[in-house]
Amino acid sequence: MSILVANGLTHWFGSDVAIESIDLTIDTGEHMAVLGENGAGKTTLLRILATAARPTSGRLEIMGLDALRERRRLRRRIGFVAHAPGLYPALSAVENLDFFCTLHGVSRARVAEVLSVVGLSEVARRPAGQLSRGMQQRLAIARAILHEPKLLVLDEPDASLGSDGADLLTTVMRDRTVVLATHDHALANRLCQRTLVLRHGRSVGTATRLHIVQ
Amino acid sequence: MSNTIAVALAVARKDLRAEWRTRELVPALAQFVVLALVIANFGFQIDSRNAPMIAPGVLWMALVFAGLVAFGRTFAAEREQASLEAMLMTPASPVAIFAGKALAATLLLVGCEAVLLPALTLFFGTPLSVPIIAAVLLATIGMAALGCLFAAMVARVRARELLLPLLTLPLWIPFIVAGGQAVQVAMGASGTYDQALALLIDFDILFVVLTSLAARFVLDE
């Protein structure tokens, strides 16, 4: 069963087209990687799929809801890790997550759980601004799974995660539908069943894991 | 409704906690208003006769410029940290987020006023009374609502430091006029204090409602 159906997604920045006529269907529980060079439109596509941005034209349905009209309802079920961690540097890891618990309306008991999942329990009281880039990325991932989303949209989450990053991603992606943008073909092949390749904002096509290996 | 209030309070608490730890804004604003008073003290020939006429003008000048800095920072910091998008990616109401940011900015400006008003008494010899504090606080509410709305609008624009005063100052004029009149009367000039205060309350209600309605579109679109 499809959890996400996109038809003709197009987005313009002024006179430049960022993505053009993207058609996409993602099944429940599927992990899809989005590959492409810098400027291919990966981030724009992911921001639209996460409901963080509106496409200039096209239709997007997520979990049976019109994603352009029902953005707030969908945000209860979507977790998004953007390019920048977007944390509050003066607040500790726990305080950052506590704050987002209130915004999501979930119990603060989740904070300890997600910190344990991303391996940050020992630095939980340290200000986010004093954490390494990799730790900040882990904290951003923890925030994205705080409300137990069904759909996880990850924009280059592996960029600074370190050697055990793939294992962490495997853990957080389990039992969820995931769209993941990356430059790392090997990681895409390891974590995802299907890959969408973008070039100059257009879909070059999708391939299954077997095709990528070949 | 209770969720909206909880979100607004959480946003305000988060902003105040961050300010308490970094001390970026309030000490700078307090220094600014004291310096403004020192300059005004040297610039004008102030005596007990003209102080009630000049002091309100100096008070509102200092407040307006301190407010521009305080409200400008509320959303600029969120944009720089890319944290505004993280907040908006939650199901929390943009109106609640806006209310929380405006509340925190208001409290920071009130902190600045806690330095400004006694300093005004010290430099100008004007009285510090409940009517003066009430007029300043009432004006702060409406100015904060408008200032935060425009700060949210211009936060993603490169020339935001220039645009924020251009957009905000014309709409702050009713608060400056009514607030100025109320403070002048409270300091001993002739006029009707109650009428000025009623105007301030009316403007507060009008602009708080309007900015709350507009906040959803400004933040989420």
# chains A, B, ... in the order shown; residues from 1 in each chain; ligands from 1
$ interface_residues --of "chain B" --to "chain A" --cutoff "7 Å" --atoms "only C-alpha atoms" --output "ChimeraX atom specification"
/B:7,10,18,21-22,81-83,86,89-92
$ write_last_selection --atoms "N, CA and C atoms" --output "short mmCIF file (atom, residue, chain, number, x, y, z; two decimals), in the first residue's frame"
data_model
loop_
_atom_site.label_atom_id
_atom_site.label_comp_id
_atom_site.auth_asym_id
_atom_site.auth_seq_id
_atom_site.Cartn_x
_atom_site.Cartn_y
_atom_site.Cartn_z
N VAL B 7 2.25 25.51 24.53
CA VAL B 7 3.28 25.74 23.50
C VAL B 7 3.83 27.16 23.62
N ALA B 10 6.06 27.38 26.56
CA ALA B 10 7.31 26.65 26.33
C ALA B 10 8.25 27.45 25.43
N ALA B 18 17.46 30.78 27.09
CA ALA B 18 18.61 30.98 26.20
C ALA B 18 19.23 32.37 26.45
N ARG B 21 21.22 32.45 29.69
CA ARG B 21 22.53 31.78 29.62
C ARG B 21 23.52 32.54 28.76
N THR B 22 23.05 33.15 27.68
CA THR B 22 23.99 33.82 26.78
C THR B 22 24.16 35.29 27.14
N GLN B 81 20.01 29.92 13.31
CA GLN B 81 20.22 28.56 13.84
C GLN B 81 19.44 27.51 13.05
N ALA B 82 18.63 27.95 12.11
CA ALA B 82 17.76 27.05 11.32
C ALA B 82 16.80 26.30 12.23
N SER B 83 16.49 26.89 13.38
CA SER B 83 15.62 26.21 14.33
C SER B 83 14.15 26.56 14.15
N ALA B 86 12.49 23.79 12.35
CA ALA B 86 12.29 22.63 13.22
C ALA B 86 11.04 22.81 14.07
N MET B 89 7.96 22.42 11.94
CA MET B 89 7.72 21.05 11.48
C MET B 89 6.98 20.21 12.52
N THR B 90 6.60 20.84 13.61
CA THR B 90 5.80 20.14 14.63
C THR B 90 4.32 20.50 14.40
N PRO B 91 3.40 19.78 15.01
CA PRO B 91 1.99 20.14 14.84
C PRO B 91 1.58 21.37 15.65
N ALA B 92 2.53 21.99 16.36
CA ALA B 92 2.18 23.16 17.17
C ALA B 92 1.67 24.29 16.29
#
$ residues_around --residues "region 100-106 of chain B" --least-positions-apart "6" --cutoff "8 Å" --atoms "only C-alpha atoms" --output "list in words"
Val7, Ala8, Leu9, Ala10, Val11, Ala12, Arg13, Asp15, Leu16, Ala70, Phe71, Thr74, Thr140, Ile141, Ala144, Ala145 and Cys148 of chain B
$ write_last_selection --atoms "C-alpha atoms" --output "JSON list (two decimals), in the first residue's frame"
[["chain", "number", "residue", "atom", "x", "y", "z"],
["B", 7, "VAL", "CA", 3.28, 25.74, 23.50],
["B", 8, "ALA", "CA", 3.38, 29.55, 23.86],
["B", 9, "LEU", "CA", 4.74, 29.25, 27.40],
["B", 10, "ALA", "CA", 7.31, 26.65, 26.33],
["B", 11, "VAL", "CA", 8.53, 28.89, 23.49],
["B", 12, "ALA", "CA", 8.76, 31.91, 25.82],
["B", 13, "ARG", "CA", 10.53, 29.86, 28.51],
["B", 15, "ASP", "CA", 13.81, 32.04, 24.66],
["B", 16, "LEU", "CA", 14.21, 33.49, 28.15],
["B", 70, "ALA", "CA", 14.90, 43.30, 20.90],
["B", 71, "PHE", "CA", 12.18, 42.32, 18.43],
["B", 74, "THR", "CA", 13.58, 37.25, 18.20],
["B", 140, "THR", "CA", 4.99, 47.58, 25.15],
["B", 141, "ILE", "CA", 2.34, 44.89, 24.57],
["B", 144, "ALA", "CA", 5.81, 43.79, 20.84],
["B", 145, "ALA", "CA", 2.98, 42.19, 18.85],
["B", 148, "CYS", "CA", 7.52, 40.47, 16.36]]
$ select_by_dssp --residues "region 36-201 of chain A" --states "strand (DSSP E or B)" --output "PyMOL selection string"
chain A and resi 36+57-62+65-66+78-81+92+127+151-155+177-181+194-199
$ select_by_dssp --residues "region 5-90 of chain A" --states "helix (DSSP H, G or I)" --output "NGL selection string"
:A and (42-49 or 71-74)
$ write_last_selection --atoms "C-alpha atoms" --output "PDB file, in the first residue's frame"
ATOM      1  CA  LYS A  42      17.532  16.511  -3.556  1.00  0.00           C
ATOM      2  CA  THR A  43      17.045  18.970  -0.698  1.00  0.00           C
ATOM      3  CA  THR A  44      14.153  20.744  -2.432  1.00  0.00           C
ATOM      4  CA  LEU A  45      12.397  17.442  -3.090  1.00  0.00           C
ATOM      5  CA  LEU A  46      12.907  16.258   0.489  1.00  0.00           C
ATOM      6  CA  ARG A  47      11.663  19.546   1.938  1.00  0.00           C
ATOM      7  CA  ILE A  48       8.498  19.225  -0.132  1.00  0.00           C
ATOM      8  CA  LEU A  49       8.010  15.580   0.871  1.00  0.00           C
ATOM      9  CA  ARG A  71       0.336  19.978   6.614  1.00  0.00           C
ATOM     10  CA  ARG A  72      -0.200  20.311  10.364  1.00  0.00           C
ATOM     11  CA  ARG A  73      -2.015  16.994  10.621  1.00  0.00           C
ATOM     12  CA  LEU A  74       0.726  15.281   8.655  1.00  0.00           C
TER      13      LEU A  74
END
$ residues_around --residues "region 131-138 of chain A" --least-positions-apart "4" --cutoff "6 Å" --atoms "only C-alpha atoms" --output "list in words"
Pro85, Val118, Ser160 and Leu161 of chain A
